[in-house]
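Trainee: Sending over a structure as structure tokens; questions will come in a sec.
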Amino acid sequence: MDLNFANIILSGQIELYDGKILNGTENDSKNKQIITILDKNHSQKYVVIFRYRNTKNDENKTQLAIVIDDFGNFKGNLLEKFCSLNKNITFAILPDLNHSTFAMQRAVEKNHETMIHIPMEPISYPKNNPGKNAIYVHLEEKTIRQRMQHYIEQLPLCVGANNHMGSLATTDQKLMDNVLSVLQNNGLYFIDSRTSAASIAYKTASKMGMLTFETNLFLDTPDTSNETMKNKISQLKSLAKNRDKILVITHCTAEKYKYLKKFLVEIEGLNFELVPVSKLLKN
């Protein structure tokens with residue numbers, strides 16, 4: 001808060017209680033004011049206002065959220081490795097898998113934010129199967145809402161959701177209206193994974209007044225080579241010139257764990273602040 005604005009608020013409160021400001025001084029660095037007041041009992045007092053300069057604001061860092069998709073298929077050593085990464089990384093967990101609930105619980109225990117990774121119909125279905133109890137465009141409204149509610153009840157510690165596949169489903173207005181309204185009624189945010197350039201998911205969530213965001217970059221496509229990492233970091237730098245919030249996605253295989261761990265080292269000296277997804281949604 002600007003010190004002058006804080007001063008106005010304080011002045012109003014002092015006058016409300018029949019006090020009076022005698023004088024005020026500000027130090028040379030503009031981060032402290034000393035205000036002398038006279039209270040209603042004619043007793044002189046001093047109020048000191050400090051301005052706390054947030055490091056992010058001073059350095060103008062770009063907030064970067066990293067989402068790791070597809071948890072739920074495994075536990076054990078690989079899950080523990082992912083959980084040991086920076087706590088600001090967000091985990092997206094597929095419902096109805098053998099280790100979905102365990103992955104959610106373990107991630108939260110390690111202070112990671114978790115999302116429901118909603119399985120949704122891709123254009124390439126049935127060649128590419130989104131998984132058990134997925135959301136398909138042919139489903140009735142009642143079934144879509146029941147499946148969504150089932151995901152939420154199964155993964156109650158998740159605070160948001162994003163789409164798994166869904167290059168067809170996220171282009172269907174009626175389907176997205178149903179999916180998003182269930183999320184909104186349960187207080188969850190939504191991230192459009194942008195698996196299709198024709199997706200209407202983010203725009204629909206925005207119009208509904210939901211907390212929402214859309215993916216800017218997939219870190220691990222087309223592969224996990226050094227050349228790909230170099231290109232992705234270059235793209236991130238380019239994106240950061242025009243925006244102060246960026247969201248990227250990767251996936252949870254052993255190979256991609258090593259890639260992500262190296263990526264985190266590579267961006268350490270760059271002007272990014274790693275944050276959980278929910279922090280991107282707060283203005």
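Identifiers in the structure tokens: chain A, B, ... in order shown; residue index from 1 per chain; ligand index from 1 in order shown.
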As a ChimeraX atom specification, please: every residue in segment 34-280 of chain A that a backbone DSSP assignment puts in helix (DSSP H, G or I).

Mentor: /A:55-59,77-83,100-109,141-154,169-171,173-185,201-207,226-240,254-266,277-280

Trainee: Could you pull the residues within 9 Å of segment 240-256 of chain A, counting only C-alpha atoms, minus those fewer than 3 positions along the same chain, as a tab-separated table (two decimals) with N, CA and C atoms, in the first residue's frame?

Mentor:
```
chain	number	residue	atom	x	y	z
A	60	ASN	N	10.20	-7.17	-10.07
A	60	ASN	CA	9.30	-7.37	-11.21
A	60	ASN	C	9.40	-8.78	-11.78
A	61	LYS	N	9.40	-9.75	-10.89
A	61	LYS	CA	9.50	-11.13	-11.35
A	61	LYS	C	8.19	-11.61	-11.97
A	62	THR	N	8.32	-12.47	-12.97
A	62	THR	CA	7.16	-13.10	-13.58
A	62	THR	C	6.78	-14.32	-12.76
A	63	GLN	N	5.51	-14.41	-12.36
A	63	GLN	CA	5.07	-15.58	-11.61
A	63	GLN	C	4.94	-16.77	-12.56
A	64	LEU	N	5.53	-17.89	-12.17
A	64	LEU	CA	5.54	-19.09	-12.99
A	64	LEU	C	4.93	-20.25	-12.20
A	65	ALA	N	3.83	-20.80	-12.71
A	65	ALA	CA	3.22	-21.98	-12.10
A	65	ALA	C	3.54	-23.20	-12.97
A	66	ILE	N	4.00	-24.27	-12.32
A	66	ILE	CA	4.29	-25.53	-13.01
A	66	ILE	C	3.29	-26.58	-12.55
A	67	VAL	N	2.60	-27.18	-13.50
A	67	VAL	CA	1.64	-28.26	-13.20
A	67	VAL	C	2.21	-29.57	-13.73
A	68	ILE	N	2.20	-30.58	-12.87
A	68	ILE	CA	2.60	-31.92	-13.30
A	68	ILE	C	1.33	-32.75	-13.44
A	69	ASP	N	1.05	-33.20	-14.65
A	69	ASP	CA	-0.17	-33.95	-14.95
A	69	ASP	C	0.00	-35.46	-14.75
A	70	ASP	N	-1.14	-36.15	-14.61
A	70	ASP	CA	-1.29	-37.60	-14.75
A	70	ASP	C	-0.91	-38.42	-13.52
A	71	PHE	N	-0.90	-37.84	-12.34
A	71	PHE	CA	-0.66	-38.65	-11.14
A	71	PHE	C	-1.84	-39.58	-10.89
A	78	LEU	N	9.07	-43.12	-7.03
A	78	LEU	CA	8.91	-42.07	-8.03
A	78	LEU	C	7.99	-40.97	-7.51
A	79	LEU	N	6.91	-41.34	-6.84
A	79	LEU	CA	6.02	-40.33	-6.27
A	79	LEU	C	6.76	-39.50	-5.23
A	82	PHE	N	8.94	-36.86	-6.89
A	82	PHE	CA	8.17	-35.69	-7.34
A	82	PHE	C	7.76	-34.83	-6.13
A	193	SER	N	-6.21	-26.66	-20.13
A	193	SER	CA	-4.92	-27.20	-20.55
A	193	SER	C	-4.59	-26.87	-22.00
A	213	PHE	N	-7.58	-19.86	-15.55
A	213	PHE	CA	-6.35	-19.51	-16.26
A	213	PHE	C	-6.21	-20.51	-17.39
A	214	GLU	N	-5.32	-20.23	-18.35
A	214	GLU	CA	-5.08	-21.19	-19.43
A	214	GLU	C	-3.59	-21.46	-19.56
A	215	THR	N	-3.28	-22.66	-19.98
A	215	THR	CA	-1.89	-23.09	-20.12
A	215	THR	C	-1.19	-22.32	-21.23
A	216	ASN	N	0.04	-21.91	-20.96
A	216	ASN	CA	0.83	-21.17	-21.94
A	216	ASN	C	1.82	-22.03	-22.69
A	217	LEU	N	2.24	-23.16	-22.07
A	217	LEU	CA	3.33	-23.94	-22.67
A	217	LEU	C	3.38	-25.35	-22.09
A	218	PHE	N	3.64	-26.34	-22.93
A	218	PHE	CA	3.95	-27.69	-22.48
A	218	PHE	C	5.47	-27.84	-22.48
A	219	LEU	N	6.03	-28.13	-21.32
A	219	LEU	CA	7.49	-28.15	-21.18
A	219	LEU	C	8.15	-29.35	-21.85
A	220	ASP	N	7.45	-30.49	-21.90
A	220	ASP	CA	8.11	-31.73	-22.28
A	220	ASP	C	7.73	-32.25	-23.66
A	221	THR	N	7.25	-31.37	-24.52
A	221	THR	CA	6.94	-31.78	-25.89
A	221	THR	C	7.86	-31.04	-26.86
A	224	THR	N	12.26	-34.77	-24.28
A	224	THR	CA	12.93	-34.23	-23.10
A	224	THR	C	14.43	-34.03	-23.36
A	235	GLN	N	11.31	-19.73	-25.02
A	235	GLN	CA	9.91	-19.36	-25.16
A	235	GLN	C	9.37	-18.70	-23.89
A	236	LEU	N	9.79	-19.21	-22.74
A	236	LEU	CA	9.37	-18.63	-21.47
A	236	LEU	C	9.85	-17.18	-21.34
A	237	LYS	N	11.09	-16.95	-21.71
A	237	LYS	CA	11.64	-15.59	-21.65
A	237	LYS	C	10.85	-14.65	-22.56
A	259	TYR	N	14.04	-34.52	-16.24
A	259	TYR	CA	13.98	-33.34	-17.10
A	259	TYR	C	13.51	-32.12	-16.31
A	260	LEU	N	12.46	-32.30	-15.51
A	260	LEU	CA	11.93	-31.20	-14.72
A	260	LEU	C	12.94	-30.74	-13.67
A	261	LYS	N	13.60	-31.68	-13.04
A	261	LYS	CA	14.59	-31.33	-12.02
A	261	LYS	C	15.70	-30.48	-12.63
A	271	ASN	N	14.43	-14.49	-14.09
A	271	ASN	CA	13.53	-13.60	-13.37
A	271	ASN	C	12.13	-14.18	-13.21
A	272	PHE	N	12.07	-15.40	-12.62
A	272	PHE	CA	10.79	-16.06	-12.39
A	272	PHE	C	10.59	-16.34	-10.90
A	277	VAL	N	-0.55	-22.84	-8.54
A	277	VAL	CA	-1.50	-22.34	-9.54
A	277	VAL	C	-2.46	-21.31	-8.94
A	280	LEU	N	-1.72	-17.62	-9.16
A	280	LEU	CA	-1.90	-16.93	-10.45
A	280	LEU	C	-3.29	-16.34	-10.55
```

Trainee: So what do you get for atom CA of Cys158 of chain A versus atom CA of Ile89 of chain A, distance-wise?

Mentor: 13.7 Å

Trainee: Would you compute the distance between atom CA of Pro119 of chain A and atom CA of Asp192 of chain A? Give it in Å to one decimal.

Mentor: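 Here the two named atoms are 12.6 Å from each other.
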
Trainee: Could you check how far atom CA of Met165 of chain A sits from atom CA of Val137 of chain A, in Å to one decimal?

Mentor: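 It comes out at 13.1 Å.
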
Trainee: Just checking: using only C-alpha atoms, which residue out of A:Ile93, A:Tyr257, A:Met229, A:Thr143 ends up closest to Glu80 of chain A?

Mentor: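 Looking at the shortest contact to Glu80 of chain A, the residue is A:Tyr257.
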
Trainee: Could you give me the residues within segment 178-224 of chain A that DSSP places in strand (DSSP E or B), as an MDAnalysis selection string?

Mentor: chainID A and resid 189:192 212:214 217:218

Trainee: Mind checking which residues fall within 8 Å of Pro130 of chain A, counting only C-alpha atoms, ignoring those fewer than 5 positions away in the same chain, and posting them as a ChimeraX atom specification?

Mentor: /A:119-122,125,164-166

Trainee: Restricting it to N, CA and C atoms, dump the selection as a PDB file, in the first residue's frame.

Mentor:
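selection35.pdb, written as the output of this step:
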```pdb
ATOM      1  N   PRO A 119     -10.572 -36.424 -16.835  1.00  0.00           N
ATOM      2  CA  PRO A 119     -10.442 -37.145 -18.113  1.00  0.00           C
ATOM      3  C   PRO A 119     -11.562 -36.750 -19.065  1.00  0.00           C
ATOM      4  N   MET A 120     -11.184 -36.256 -20.258  1.00  0.00           N
ATOM      5  CA  MET A 120     -12.175 -35.736 -21.205  1.00  0.00           C
ATOM      6  C   MET A 120     -11.884 -36.228 -22.615  1.00  0.00           C
ATOM      7  N   GLU A 121     -12.908 -36.336 -23.393  1.00  0.00           N
ATOM      8  CA  GLU A 121     -12.816 -36.943 -24.723  1.00  0.00           C
ATOM      9  C   GLU A 121     -11.939 -36.139 -25.685  1.00  0.00           C
ATOM     10  N   PRO A 122     -10.932 -36.817 -26.303  1.00  0.00           N
ATOM     11  CA  PRO A 122     -10.119 -36.157 -27.332  1.00  0.00           C
ATOM     12  C   PRO A 122     -10.714 -36.384 -28.726  1.00  0.00           C
ATOM     13  N   TYR A 125     -10.349 -40.007 -30.028  1.00  0.00           N
ATOM     14  CA  TYR A 125     -10.994 -41.149 -29.396  1.00  0.00           C
ATOM     15  C   TYR A 125     -11.712 -41.996 -30.460  1.00  0.00           C
ATOM     16  N   HIS A 164      -7.693 -33.413 -18.784  1.00  0.00           N
ATOM     17  CA  HIS A 164      -6.794 -34.440 -19.311  1.00  0.00           C
ATOM     18  C   HIS A 164      -7.299 -34.791 -20.704  1.00  0.00           C
ATOM     19  N   MET A 165      -6.438 -34.625 -21.728  1.00  0.00           N
ATOM     20  CA  MET A 165      -6.887 -34.753 -23.123  1.00  0.00           C
ATOM     21  C   MET A 165      -7.970 -33.704 -23.358  1.00  0.00           C
ATOM     22  N   GLY A 166      -9.128 -34.103 -23.890  1.00  0.00           N
ATOM     23  CA  GLY A 166     -10.253 -33.170 -24.006  1.00  0.00           C
ATOM     24  C   GLY A 166     -10.232 -32.255 -25.209  1.00  0.00           C
TER      25      GLY A 166
END
```

Trainee: Write out as a list in words each polymer residue whose atoms come within 8 Å of Phe190 of chain A, counting only C-alpha atoms; drop sequence neighbours fewer than 5 positions from it.

Mentor: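 Those residues are Gly160, Ala161, Asn162, Leu180, Leu183, Tyr202, Ala205, Met210, Leu211, Thr212 and Phe213 of chain A.
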
Trainee: For Leu168 of chain A, please output as a list in words all residues within 12 Å (counting only C-alpha atoms; exclusion window: fewer than 4 positions along the same chain).

Mentor: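 Counting only C-alpha atoms, the residues come to Pro119, Met120, Glu121, Pro122, Ile123, Ser124, Tyr125, Pro126, Asn128, Pro130, Ile135, Tyr136, Val137, His138, Asn163, His164, Asp172, Gln173, Leu175, Met176, Arg194, Thr195, Ser196, Ala197, Ala198, Ser199, Ile200 and Ala201 of chain A.
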
Trainee: May I ask which of the residues A:Thr204, A:Gln154, A:Thr36, A:Gln149 is the closest one to Asn185 of chain A, counting only C-alpha atoms?

Mentor: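 Nearest to Asn185 of chain A: A:Gln149.
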
Trainee: Skipping near chain neighbours, those fewer than 5 positions away, what residues fall within 10 Å of Phe102 of chain A using only C-alpha atoms, listed as an MDAnalysis selection string?

Mentor: chainID A and resid 71:72 74:75 79 97 107:108 155

Trainee: From the set A:Asn77, A:Asn7, A:Asn27, A:Asn178, which residue has the shortest atom-to-atom contact distance to Val47 of chain A, counting only C-alpha atoms?

Mentor: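 Smallest separation from Val47 of chain A among the options: A:Asn7.
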
Trainee: Between A:Ala169, A:Ile144, A:Leu281, A:Leu94, single out the one closest to Lys132 of chain A, counting only C-alpha atoms.

Mentor: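 Checking each of A:Ala169, A:Ile144, A:Leu281, A:Leu94 against Lys132 of chain A, counting only C-alpha atoms, the winner is A:Leu94.
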